[in-house]
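K.L.:
Contents are mmCIF, C-alpha atoms; file name final34.cif:
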data_model
#
loop_
_atom_site.label_atom_id
_atom_site.label_comp_id
_atom_site.auth_asym_id
_atom_site.auth_seq_id
_atom_site.Cartn_x
_atom_site.Cartn_y
_atom_site.Cartn_z
CA MET L 1459 77.41 112.17 116.96
CA LYS L 1460 76.20 110.39 113.82
CA THR L 1461 77.79 109.31 110.56
CA ASP L 1462 76.80 111.78 107.86
CA PRO L 1463 74.21 110.51 105.34
CA LYS L 1464 76.66 110.70 102.42
CA THR L 1465 79.11 108.38 104.21
CA GLN L 1466 76.24 106.07 105.25
CA LYS L 1467 75.21 105.77 101.60
CA SER L 1468 78.73 105.03 100.42
CA ILE L 1469 79.17 102.40 103.17
CA LEU L 1470 75.99 100.64 102.06
CA ARG L 1471 76.85 100.83 98.36
CA ASN L 1472 80.40 99.60 98.90
CA ALA L 1473 79.24 96.82 101.24
CA LEU L 1474 77.01 95.44 98.49
CA LEU L 1475 79.92 95.54 96.05
CA SER L 1476 82.05 93.76 98.67
CA VAL L 1477 79.66 90.80 98.74
CA PHE L 1478 80.33 90.35 95.04
CA ILE L 1479 84.12 90.65 95.59
CA TYR L 1480 83.99 88.02 98.38
CA LEU L 1481 82.20 85.64 96.00
CA LEU L 1482 84.38 86.43 92.97
CA PRO L 1483 87.25 83.92 93.62
CA ILE L 1484 84.69 81.18 94.36
CA LEU L 1485 82.76 81.93 91.16
CA LEU L 1486 85.98 82.06 89.12
CA MET L 1487 87.16 78.76 90.66
CA PHE L 1488 83.97 76.96 89.68
CA GLY L 1489 84.14 78.66 86.25
CA SER L 1490 87.61 77.17 85.77
CA PHE L 1491 86.35 73.71 86.84
CA TYR L 1492 83.50 74.02 84.32
CA ILE L 1493 85.95 74.86 81.50
CA THR L 1494 88.63 72.29 82.38
CA GLY L 1495 86.22 69.56 83.47
CA LYS L 1496 88.12 69.02 86.73
CA ARG L 1497 86.19 67.76 89.76
CA PRO L 1498 88.65 67.91 92.68
CA TRP L 1499 85.96 67.32 95.33
CA LYS L 1500 85.18 63.93 93.75
CA GLN L 1501 88.82 62.90 94.12
CA GLN L 1502 88.61 63.73 97.81
CA GLN L 1503 85.39 61.74 98.20
CA GLY L 1504 87.15 58.83 96.49
CA THR L 1505 90.09 59.06 98.89
CA LEU L 1506 87.71 59.19 101.84
CA SER L 1507 85.75 56.14 100.72
CA ILE L 1508 88.99 54.17 100.12
CA ASN L 1509 90.11 55.05 103.62
CA LYS L 1510 86.77 53.96 105.03
CA THR L 1511 87.05 50.61 103.19
CA ILE L 1512 90.63 50.01 104.25
CA ASN L 1513 90.25 51.01 107.86
CA PRO L 1514 87.75 48.32 108.94
CA ILE L 1515 90.04 45.62 107.48
CA ASN L 1516 92.99 47.02 109.34
CA LYS L 1517 91.06 47.12 112.56
CA LYS L 1518 91.70 44.24 114.85
CA PRO L 1519 88.58 42.49 116.15
CA MET H 1148 109.78 76.81 94.49
CA ILE H 1149 106.58 76.31 96.49
CA LYS H 1150 108.57 74.29 99.04
CA PHE H 1151 111.03 77.17 99.36
CA LEU H 1152 108.19 79.69 99.87
CA GLU H 1153 106.57 77.29 102.33
CA THR H 1154 109.76 77.16 104.39
CA ILE H 1155 110.02 80.97 104.38
CA SER H 1156 106.34 81.36 105.32
CA GLN H 1157 106.63 78.82 108.13
CA SER H 1158 109.67 80.53 109.61
CA LEU H 1159 108.07 83.95 109.27
CA ASN H 1160 104.82 82.78 110.88
CA GLY H 1161 106.80 81.37 113.78
CA LEU H 1162 109.38 83.54 115.45
CA GLY H 1163 110.40 85.18 112.17
CA PHE H 1164 108.03 88.15 112.34
CA PRO H 1165 108.75 89.25 115.89
CA ALA H 1166 112.45 88.96 114.99
CA LEU H 1167 111.97 90.98 111.79
CA ILE H 1168 110.01 93.68 113.63
CA LEU H 1169 112.65 93.88 116.35
CA LEU H 1170 115.46 94.09 113.79
CA LEU H 1171 113.71 96.77 111.73
CA GLY H 1172 112.82 98.66 114.90
CA ILE H 1173 116.45 98.68 116.06
CA LEU H 1174 117.51 99.87 112.58
CA GLU H 1175 114.92 102.67 112.57
CA PHE H 1176 115.90 103.71 116.08
CA SER H 1177 119.60 103.72 115.19
CA LEU H 1178 118.87 105.87 112.15
CA GLY H 1179 117.08 108.33 114.43
CA LEU H 1180 113.82 107.96 112.50
CA TYR H 1181 111.62 108.44 115.57
CA GLY H 1182 113.11 111.84 116.28
CA LYS H 1183 112.33 113.11 119.75
CA HIS H 1184 108.78 111.79 119.65
CA TRP H 1185 109.46 108.41 121.32
CA THR H 1186 108.88 109.57 124.86
CA LYS H 1187 108.67 107.30 127.91
CA ASN H 1188 104.85 107.16 127.70
CA GLU H 1189 104.95 106.23 123.99
CA ARG H 1190 107.70 103.67 124.61
CA ILE H 1191 105.72 101.85 127.32
CA LEU H 1192 102.57 101.86 125.16
CA ASP H 1193 104.39 100.54 122.08
CA ILE H 1194 106.22 97.81 123.97
CA ALA H 1195 103.09 96.77 125.92
CA SER H 1196 101.16 96.60 122.62
CA PHE H 1197 103.90 94.45 121.10
CA ILE H 1198 104.00 91.96 123.97
CA PHE H 1199 100.67 91.97 125.81
CA PRO H 1200 97.90 91.53 123.15
CA PRO H 1201 99.47 88.51 121.38
CA LEU H 1202 99.92 86.79 124.74
CA VAL H 1203 96.30 87.38 125.72
CA LEU H 1204 94.91 86.79 122.24
CA ALA H 1205 96.69 83.46 121.65
CA PRO H 1206 94.59 81.44 124.14
CA VAL H 1207 91.35 83.04 122.89
CA LEU H 1208 92.16 82.14 119.28
CA ALA H 1209 93.29 78.65 120.30
CA PHE H 1210 89.99 78.13 122.14
CA PHE H 1211 88.02 79.39 119.13
CA GLY H 1212 89.84 77.17 116.65
CA LEU H 1213 90.42 74.04 118.70
CA LYS H 1214 87.37 73.87 120.99
CA PHE H 1215 84.56 76.17 119.85
CA LEU H 1216 84.48 75.34 116.11
CA PRO H 1217 84.84 71.53 116.54
CA HIS H 1218 81.93 71.72 118.99
CA VAL H 1219 79.65 73.93 116.83
CA ILE H 1220 80.43 72.76 113.29
CA PRO H 1221 82.23 69.39 113.57
CA GLN H 1222 80.83 68.23 110.21
CA TYR H 1223 82.65 71.02 108.33
CA HIS H 1224 86.16 70.15 109.47
CA ASN H 1225 88.41 69.97 106.36
CA VAL H 1226 85.34 69.93 104.12
CA LEU H 1227 87.08 72.29 101.65
CA SER H 1228 90.51 70.65 101.70
CA TRP H 1229 90.00 69.73 98.02
CA VAL H 1230 90.19 73.42 96.97
CA PRO H 1231 93.30 73.86 94.78
CA PHE H 1232 96.09 75.88 96.39
CA ILE H 1233 95.91 78.91 94.09
CA TRP H 1234 92.13 79.34 94.57
CA GLY H 1235 92.47 78.80 98.30
CA PHE H 1236 95.11 81.51 98.33
CA PHE H 1237 92.78 84.02 96.58
CA ILE H 1238 89.76 83.06 98.72
CA ILE H 1239 91.72 83.55 101.96
CA ALA H 1240 93.56 86.70 100.77
CA ILE H 1241 90.32 88.41 99.75
CA ALA H 1242 88.25 87.21 102.70
CA ASP H 1243 90.90 88.22 105.24
CA ASP H 1244 92.04 91.52 103.79
CA LEU H 1245 88.68 92.83 102.61
CA THR H 1246 87.22 92.08 106.06
CA GLN H 1247 90.08 93.97 107.66
CA TYR H 1248 89.52 96.87 105.24
CA TRP H 1249 85.93 97.11 106.46
CA TYR H 1250 86.87 96.72 110.12
CA HIS H 1251 89.39 99.53 109.72
CA ARG H 1252 87.16 101.78 107.59
CA LEU H 1253 84.20 101.52 109.99
CA HIS H 1254 86.43 102.53 112.90
CA HIS H 1255 87.17 105.74 111.01
CA GLN H 1256 83.74 106.45 109.58
CA ILE H 1257 81.49 105.53 112.51
CA PRO H 1258 82.21 108.08 115.27
CA PHE H 1259 81.35 105.64 118.11
CA LEU H 1260 84.07 103.23 116.97
CA TRP H 1261 86.85 105.80 116.48
CA ARG H 1262 88.13 105.72 120.07
CA PHE H 1263 88.88 101.98 119.84
CA HIS H 1264 91.23 102.67 116.93
CA ARG H 1265 92.61 106.02 118.10
CA THR H 1266 95.58 104.41 119.90
CA HIS H 1267 97.01 103.24 116.59
CA HIS H 1268 96.82 106.78 115.20
CA SER H 1269 98.04 108.73 118.20
CA ALA H 1270 101.71 107.87 117.56
CA PRO H 1271 103.46 111.02 116.30
CA TYR H 1272 105.89 108.86 114.29
CA MET H 1273 105.85 105.90 111.92
CA GLY H 1274 107.82 102.71 112.34
CA MET H 1275 107.99 99.27 113.90
CA ALA H 1276 107.50 100.79 117.34
CA MET H 1277 103.89 101.71 116.52
CA ALA H 1278 103.05 98.96 114.00
CA SER H 1279 101.32 96.74 116.57
CA ARG H 1280 100.10 99.62 118.77
CA GLN H 1281 96.37 99.06 119.30
CA ASN H 1282 93.69 99.30 121.96
CA ILE H 1283 93.25 95.82 123.41
CA ILE H 1284 89.52 95.64 122.56
CA TYR H 1285 90.27 96.57 118.95
CA THR H 1286 92.80 93.71 118.84
CA PHE H 1287 90.39 91.23 120.42
CA LEU H 1288 87.62 92.00 117.96
CA PHE H 1289 89.81 91.80 114.86
CA SER H 1290 87.05 90.28 112.71
CA GLN H 1291 89.33 88.94 109.98
CA ILE H 1292 91.27 86.74 112.43
CA TYR H 1293 88.12 84.80 113.34
CA LEU H 1294 87.05 84.52 109.70
CA THR H 1295 90.49 83.19 108.75
CA ILE H 1296 90.38 80.63 111.59
CA VAL H 1297 87.02 79.39 110.27
CA LEU H 1298 88.51 79.09 106.77
CA VAL H 1299 91.53 77.22 108.16
CA TYR H 1300 89.16 74.90 110.05
CA VAL H 1301 87.22 74.05 106.89
CA GLY H 1302 90.44 73.07 105.14
CA LEU H 1303 92.23 76.15 103.79
CA GLY H 1304 95.07 76.09 106.31
CA TYR H 1305 97.87 75.56 103.80
CA PRO H 1306 97.15 78.63 101.61
CA ALA H 1307 96.45 80.64 104.78
CA LEU H 1308 100.06 80.08 105.81
CA PHE H 1309 101.27 81.92 102.67
CA VAL H 1310 98.67 84.69 102.86
CA ARG H 1311 99.61 85.44 106.46
CA ALA H 1312 103.30 85.66 105.63
CA LEU H 1313 102.73 87.92 102.61
CA LYS H 1314 100.25 90.13 104.45
CA THR H 1315 102.45 90.64 107.49
CA LEU H 1316 105.41 91.53 105.25
CA ILE H 1317 103.41 94.13 103.28
CA VAL H 1318 101.71 95.64 106.34
CA THR H 1319 104.95 95.76 108.35
CA PHE H 1320 106.87 97.50 105.57
CA ALA H 1321 103.98 99.94 104.91
CA HIS H 1322 104.26 101.11 108.53
CA SER H 1323 108.05 101.30 108.50
CA SER H 1324 109.78 104.65 108.57
CA ILE H 1325 112.20 103.19 106.03
CA LYS H 1326 110.66 104.44 102.79
CA TRP H 1327 111.41 101.48 100.56
CA ASP H 1328 109.10 102.77 97.80
CA LYS H 1329 111.08 105.98 97.16
CA PRO H 1330 113.27 104.58 94.33
CA PHE H 1331 110.13 103.58 92.45
CA TYR H 1332 109.05 107.25 92.29
CA LYS H 1333 112.55 108.61 91.71
CA TYR H 1334 113.65 106.61 88.66
CA LYS H 1335 111.55 107.04 85.55
CA VAL H 1336 112.20 103.50 84.39
CA LEU H 1337 110.47 102.21 87.56
CA HIS H 1338 107.40 104.45 87.22
CA PRO H 1339 105.21 101.76 85.58
CA VAL H 1340 106.04 99.39 88.47
CA ALA H 1341 105.27 102.19 90.95
CA TRP H 1342 101.92 102.80 89.24
CA VAL H 1343 100.91 99.16 89.71
CA LEU H 1344 102.39 98.83 93.23
CA GLU H 1345 100.73 101.89 94.71
CA ARG H 1346 97.34 100.75 93.46
CA LEU H 1347 97.72 97.11 94.41
CA ILE H 1348 99.35 97.05 97.85
CA SER H 1349 99.88 99.42 100.78
CA THR H 1350 103.13 101.33 100.39
CA PRO H 1351 104.83 103.66 102.88
CA ALA H 1352 103.63 106.67 100.83
CA THR H 1353 99.95 105.74 100.85
CA HIS H 1354 99.90 104.32 104.36
CA HIS H 1355 101.93 107.17 105.84
CA ALA H 1356 99.35 109.52 104.27
CA HIS H 1357 96.71 107.65 106.31
CA HIS H 1358 98.72 108.31 109.49
CA SER H 1359 99.26 112.00 108.75
CA ASN H 1360 98.06 114.48 111.39
CA SER H 1361 96.38 116.51 108.63
CA THR H 1362 94.08 115.64 105.79
CA ASP H 1363 93.06 117.02 102.39
CA ASP H 1364 96.33 118.96 102.08
CA GLY H 1365 97.56 117.04 99.06
CA VAL H 1366 99.74 114.64 101.08
CA GLY H 1367 97.97 113.58 104.28
CA TYR H 1368 94.68 111.71 104.03
CA TYR H 1369 93.42 110.00 107.18
CA LYS H 1370 89.87 110.01 105.76
CA GLY H 1371 90.87 107.16 103.46
CA ASN H 1372 93.67 104.74 102.51
CA PHE H 1373 92.18 102.09 104.78
CA GLY H 1374 93.68 99.10 102.92
CA ASN H 1375 96.07 96.84 104.82
CA MET H 1376 97.64 94.30 102.48
CA PHE H 1377 95.75 95.39 99.34
CA PHE H 1378 95.33 99.05 98.53
CA LEU H 1379 93.09 97.96 95.70
CA TRP H 1380 90.04 98.11 97.98
CA ASP H 1381 90.55 101.86 98.41
CA VAL H 1382 90.83 102.26 94.64
CA ILE H 1383 87.64 100.25 94.05
CA PHE H 1384 85.59 101.97 96.78
CA GLY H 1385 86.83 105.50 96.11
CA THR H 1386 88.61 105.94 99.46
CA ALA H 1387 92.09 106.15 97.91
CA HIS H 1388 94.49 109.07 97.92
CA ILE H 1389 97.64 108.16 96.03
CA SER H 1390 100.55 110.31 97.06
CA ARG H 1391 104.22 109.99 96.23
CA GLN H 1392 105.17 112.32 99.06
CA TYR H 1393 105.34 111.69 102.79
CA PRO H 1394 103.58 113.75 105.46
CA LYS H 1395 105.59 116.25 107.50
CA ALA H 1396 103.90 115.22 110.77
CA TYR H 1397 102.11 112.09 111.97
CA GLY H 1398 99.54 111.31 114.62
CA ILE H 1399 96.55 113.31 115.82
CA SER H 1400 96.69 117.11 115.75
CA HIS H 1401 95.14 117.45 119.23
CA TYR H 1402 97.09 114.60 120.88
CA GLU H 1403 98.44 115.48 124.30
CA GLY H 1404 100.06 112.16 125.20
CA ASP H 1405 97.22 110.28 126.89
CA GLU H 1406 98.51 107.84 129.51
CA TRP H 1407 99.66 104.55 127.99
CA TYR H 1408 97.24 102.47 130.13
CA ALA H 1409 94.24 104.54 129.01
CA GLN H 1410 95.21 104.14 125.37
CA LEU H 1411 95.69 100.40 125.80
CA LEU H 1412 92.59 99.70 127.91
CA TRP H 1413 90.01 102.38 127.09
CA PRO H 1414 87.07 102.35 128.01
CA ILE H 1415 88.04 100.30 131.08
CA LEU H 1416 90.63 102.92 132.02
CA LYS H 1417 90.20 106.59 131.10
CA SER H 1418 92.66 109.33 130.24
CA LYS H 1419 93.35 112.15 132.71
CA LYS H 1420 94.03 114.63 129.89
CA GLU H 1421 91.21 117.14 129.93
CA GLY H 1422 89.29 117.37 126.65
CA SER H 1423 90.82 114.15 125.32
CA GLU H 1424 88.58 111.74 123.45
CA LEU H 1425 89.66 109.08 125.96
CA SER H 1426 88.88 111.16 129.06
CA ARG H 1427 85.81 110.64 131.27
CA ARG H 1428 83.61 113.30 129.69
CA GLY H 1429 85.64 113.68 126.54
CA PRO H 1430 84.13 114.19 123.09
CA VAL H 1431 83.47 111.15 120.88
CA VAL H 1432 85.44 112.79 118.10
CA ARG H 1433 87.42 115.95 118.71
CA ALA H 1434 87.82 118.48 115.92
CA ASP H 1435 91.23 118.83 114.32
CA ILE H 1436 93.54 121.69 115.21
CA VAL H 1437 94.13 123.27 111.84
CA THR H 1438 97.12 125.57 111.48
CA GLU H 1439 96.11 127.52 108.41
CA PRO H 1440 97.81 130.77 107.39
CA VAL H 1441 95.78 133.73 108.63
CA LEU H 1442 94.90 136.24 105.94
CA ILE H 1443 95.11 139.84 107.17
CA PRO H 1444 93.73 142.59 104.93
CA ILE H 1445 96.54 144.95 103.94
CA GLN H 1446 96.07 148.70 103.91
CA PRO H 1447 97.24 150.46 100.69
CA ASP H 1448 100.10 152.37 102.42
CA LYS H 1449 101.51 149.13 103.90
CA ALA H 1450 101.28 147.20 100.64
CA ALA H 1451 104.58 148.59 99.34
CA SER H 1452 106.57 147.45 102.37
CA VAL H 1453 104.99 143.96 102.18
CA LYS H 1454 105.92 143.85 98.49
CA SER H 1455 109.54 144.61 99.31
CA LEU H 1456 109.50 141.92 102.04
CA ASN H 1457 108.13 139.40 99.53
CA THR H 1458 110.95 140.27 97.14
CA VAL H 1459 113.49 139.62 99.89
CA SER H 1460 111.96 136.26 100.76
CA THR H 1461 111.94 135.25 97.10
CA ILE H 1462 115.63 136.06 96.79
CA ASN H 1463 116.36 134.03 99.96
#
Using structure tokens, write down the structure from this file.
P.N.:
Amino acid sequence: MKTDPKTQKSILRNALLSVFIYLLPILLMFGSFYITGKRPWKQQQGTLSINKTINPINKKP
Amino acid sequence: MIKFLETISQSLNGLGFPALILLLGILEFSLGLYGKHWTKNERILDIASFIFPPLVLAPVLAFFGLKFLPHVIPQYHNVLSWVPFIWGFFIIAIADDLTQYWYHRLHHQIPFLWRFHRTHHSAPYMGMAMASRQNIIYTFLFSQIYLTIVLVYVGLGYPALFVRALKTLIVTFAHSSIKWDKPFYKYKVLHPVAWVLERLISTPATHHAHHSNSTDDGVGYYKGNFGNMFFLWDVIFGTAHISRQYPKAYGISHYEGDEWYAQLLWPILKSKKEGSELSRRGPVVRADIVTEPVLIPIQPDKAASVKSLNTVSTIN
């Protein structure tokens, strides 16, 4: 028993549209960063590098 | 506010949901909403589905999240933890629910997959008893769970907590035999809210239509309404049937009460019901039993008596 060709077509068409929907919140998020000038990933990198600098000092020899 | 929601989500994600399901189930049962359909076979299947899959699934998911991912992609751990909460919420909500929409839709539209999902549809009633009723393989391969674990691993764990709570609430109440959406259709002042709700999320009306034992009759529509948390996917992809009525009967028209173990463990264990889709030589998809009114041609001399009968029935 096979899926009828009409359903196969709609599955394919809708799957392609789904790829766009999956990407939509990511695209909108970066769009908002572009408009507001925010760079949250840089803040995280900063926090990471501070941690890396502090940690060796705190380590006992 | 967010702290308050966080507390609610945390409690719900813990023991809150099983407690809520049990409480709702007891309420539905006390109200007699299962009718005489909750037979011994159905009871064992529903209770086994409520207890057994989460117990078996938990170690698999723990292994996937705590051992497999750190071994395969250690460099991506918390790499996206900078994503602001609101965007993380939308990314997780869409990724999880759209994936589940597809998982669900394909089990209806690809004949080979139907039998893995049939257990969820065989219940001749709606309610908490059948909300977690699934074939064990269907539960194990729930694609959206694995995707969500990956997203949690890369740093979206906090928004995932809220999405999970919201999703389980919506899905649970869409399956409930307590029709919470009725007032929205009854009172005219609430109609605009109803219009938005029934297009955005799964409601008892739209999800009950999906569980109807008939389709294309204006109320029941198991050929569509695949959405779980969001009904919007059905609206976008043209698989929606928005109904403000509830089906008269639920389940599968040709269901003959396949043994609970066969429904839970097919294809490992098979049904003994002859002609069942879960039996050894059963069909992949069995045709519906349609009870349509039979039209009998009326002879001219009998037409008068039928006319008088019709008049009587109209008066009644």
K.L.:
Do you know which residues the PyMOL selection byres ((chain L and resi 1460) around 9) returns on this file, as an mmCIF file with C-alpha atoms, keeping the file's coordinate frame?
P.N.:
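Okay, this is what ended up in out.cif:
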data_model
loop_
_atom_site.group_PDB
_atom_site.id
_atom_site.type_symbol
_atom_site.label_atom_id
_atom_site.label_comp_id
_atom_site.auth_asym_id
_atom_site.auth_seq_id
_atom_site.Cartn_x
_atom_site.Cartn_y
_atom_site.Cartn_z
ATOM 1 C CA MET L 1459 77.410 112.170 116.960
ATOM 2 C CA THR L 1461 77.790 109.310 110.560
ATOM 3 C CA ASP L 1462 76.800 111.780 107.860
ATOM 4 C CA PRO L 1463 74.210 110.510 105.340
ATOM 5 C CA ILE H 1257 81.490 105.530 112.510
ATOM 6 C CA PRO H 1258 82.210 108.080 115.270
ATOM 7 C CA PHE H 1259 81.350 105.640 118.110
#
K.L.:
Sorted by chain and rising residue number, list the residues of chain H at most 7 Å from chain L (counting all atoms listed in the file), each with its closest atom pair and distance in Å to one decimal, as JSON lines.
P.N.:
{"residue": "H:Trp1229", "atom": "CA", "partner": "L:Trp1499", "partner_atom": "CA", "distance": 5.4}
{"residue": "H:Trp1234", "atom": "CA", "partner": "L:Met1487", "partner_atom": "CA", "distance": 6.4}
{"residue": "H:Phe1237", "atom": "CA", "partner": "L:Pro1483", "partner_atom": "CA", "distance": 6.3}
{"residue": "H:Ile1238", "atom": "CA", "partner": "L:Pro1483", "partner_atom": "CA", "distance": 5.7}
{"residue": "H:Ile1241", "atom": "CA", "partner": "L:Tyr1480", "partner_atom": "CA", "distance": 6.5}
{"residue": "H:Ala1242", "atom": "CA", "partner": "L:Tyr1480", "partner_atom": "CA", "distance": 6.1}
{"residue": "H:Gln1256", "atom": "CA", "partner": "L:Thr1461", "partner_atom": "CA", "distance": 6.7}
{"residue": "H:Ile1257", "atom": "CA", "partner": "L:Thr1461", "partner_atom": "CA", "distance": 5.6}
{"residue": "H:Pro1258", "atom": "CA", "partner": "L:Met1459", "partner_atom": "CA", "distance": 6.5}
{"residue": "H:Phe1384", "atom": "CA", "partner": "L:Asn1472", "partner_atom": "CA", "distance": 6.1}
K.L.:
So, counting only C-alpha atoms, which residue among H:Arg1190, H:Lys1395, H:Lys1370, H:Lys1420 is closest to His1255 of chain H?
P.N.:
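So, comparing all the options, the nearest one is H:Lys1370.
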K.L.:
Report as a count of residues only the residues that result from applying the PyMOL selection byres ((chain H and resi 1218-1227) around 9) to the structure here.
P.N.:
15
K.L.:
Between H:Thr1315, H:Gln1247, H:Thr1286, H:Ser1269, which is the closest to Val1203 of chain H once you count all atoms listed in the file?
P.N.:
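That would be H:Thr1286, the residue with the smallest distance to Val1203 of chain H.
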K.L.:
For this file, the PyMOL selection byres ((chain H and resi 1265) around 9) selects which residues, as a PyMOL selection string?
P.N.:
chain H and resi 1254-1255+1261-1264+1266-1269+1281-1282+1399+1410+1424-1425
K.L.:
Separation of atom CA of Tyr1397 of chain H and atom CA of Ala1270 of chain H, in Å?
P.N.:
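Calculated distance between atom CA of Tyr1397 of chain H and atom CA of Ala1270 of chain H is 7.0 Å.
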K.L.:
Quick one, how far is atom CA of Phe1478 of chain L from atom CA of Ala1356 of chain H?
P.N.:
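Computing the Euclidean distance for atom CA of Phe1478 of chain L and atom CA of Ala1356 of chain H yields 28.5 Å.
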K.L.:
Set up a box along x, y and z of the file covering all listed atoms of segment 1489-1495 of chain L, add 8 Å on every one of the six sides, and write the centre and edge lengths in Å to one decimal, as JSON.
P.N.:
{"center_x": 86.1, "center_y": 74.1, "center_z": 84.2, "size_x": 21.1, "size_y": 25.1, "size_z": 21.3}
K.L.:
For atom CA of Met1376 of chain H and atom CA of Leu1411 of chain H, quote the distance in Å rounded to one decimal.
P.N.:
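Atom CA of Met1376 of chain H sits 24.2 Å away from atom CA of Leu1411 of chain H.
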K.L.:
Kindly indicate which residue among H:Ala1276, H:Leu1180, H:Ile1283, H:Ile1415 lies nearest to Leu1202 of chain H, using all atoms listed in the file for the distances.
P.N.:
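Among H:Ala1276, H:Leu1180, H:Ile1283, H:Ile1415, it is H:Ile1283 that comes nearest to Leu1202 of chain H.
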K.L.:
As an mmCIF file, in the frame of the given file, could you write out segment 1469-1475 of chain L once it has been completed with all heavy atoms?
P.N.:
data_model
loop_
_atom_site.group_PDB
_atom_site.id
_atom_site.type_symbol
_atom_site.label_atom_id
_atom_site.label_comp_id
_atom_site.auth_asym_id
_atom_site.auth_seq_id
_atom_site.Cartn_x
_atom_site.Cartn_y
_atom_site.Cartn_z
ATOM 1 N N ILE L 1469 78.895 103.653 102.444
ATOM 2 C CA ILE L 1469 79.170 102.400 103.170
ATOM 3 C C ILE L 1469 78.242 101.292 102.645
ATOM 4 O O ILE L 1469 78.684 100.195 102.322
ATOM 5 C CB ILE L 1469 78.993 102.594 104.699
ATOM 6 C CG1 ILE L 1469 80.145 103.441 105.268
ATOM 7 C CG2 ILE L 1469 78.929 101.257 105.427
ATOM 8 C CD1 ILE L 1469 80.015 103.806 106.730
ATOM 9 N N LEU L 1470 76.977 101.616 102.512
ATOM 10 C CA LEU L 1470 75.990 100.640 102.060
ATOM 11 C C LEU L 1470 76.283 100.162 100.635
ATOM 12 O O LEU L 1470 76.284 98.960 100.349
ATOM 13 C CB LEU L 1470 74.590 101.253 102.153
ATOM 14 C CG LEU L 1470 73.440 100.266 101.999
ATOM 15 C CD1 LEU L 1470 73.367 99.356 103.220
ATOM 16 C CD2 LEU L 1470 72.122 101.004 101.819
ATOM 17 N N ARG L 1471 76.576 101.138 99.771
ATOM 18 C CA ARG L 1471 76.850 100.830 98.360
ATOM 19 C C ARG L 1471 78.104 99.944 98.247
ATOM 20 O O ARG L 1471 78.106 98.937 97.553
ATOM 21 C CB ARG L 1471 77.033 102.146 97.592
ATOM 22 C CG ARG L 1471 76.664 102.071 96.135
ATOM 23 C CD ARG L 1471 76.778 103.416 95.450
ATOM 24 N NE ARG L 1471 77.944 104.178 95.832
ATOM 25 C CZ ARG L 1471 77.905 105.408 96.343
ATOM 26 N NH1 ARG L 1471 76.751 105.987 96.559
ATOM 27 N NH2 ARG L 1471 79.018 106.056 96.631
ATOM 28 N N ASN L 1472 79.143 100.340 98.960
ATOM 29 C CA ASN L 1472 80.400 99.600 98.900
ATOM 30 C C ASN L 1472 80.277 98.220 99.555
ATOM 31 O O ASN L 1472 80.951 97.279 99.134
ATOM 32 C CB ASN L 1472 81.532 100.388 99.580
ATOM 33 C CG ASN L 1472 81.887 101.658 98.837
ATOM 34 O OD1 ASN L 1472 82.542 102.539 99.346
ATOM 35 N ND2 ASN L 1472 81.454 101.766 97.587
ATOM 36 N N ALA L 1473 79.431 98.121 100.576
ATOM 37 C CA ALA L 1473 79.240 96.820 101.240
ATOM 38 C C ALA L 1473 78.599 95.823 100.266
ATOM 39 O O ALA L 1473 78.963 94.648 100.226
ATOM 40 C CB ALA L 1473 78.381 96.983 102.488
ATOM 41 N N LEU L 1474 77.654 96.315 99.477
ATOM 42 C CA LEU L 1474 77.010 95.440 98.490
ATOM 43 C C LEU L 1474 78.014 94.972 97.443
ATOM 44 O O LEU L 1474 78.036 93.804 97.054
ATOM 45 C CB LEU L 1474 75.839 96.181 97.811
ATOM 46 C CG LEU L 1474 74.618 96.409 98.691
ATOM 47 C CD1 LEU L 1474 73.602 97.305 97.989
ATOM 48 C CD2 LEU L 1474 73.962 95.073 99.058
ATOM 49 N N LEU L 1475 78.875 95.889 97.018
ATOM 50 C CA LEU L 1475 79.920 95.540 96.050
ATOM 51 C C LEU L 1475 80.894 94.531 96.663
ATOM 52 O O LEU L 1475 81.383 93.630 95.977
ATOM 53 C CB LEU L 1475 80.654 96.832 95.615
ATOM 54 C CG LEU L 1475 81.770 96.708 94.581
ATOM 55 C CD1 LEU L 1475 81.272 96.037 93.307
ATOM 56 C CD2 LEU L 1475 82.334 98.094 94.245
#
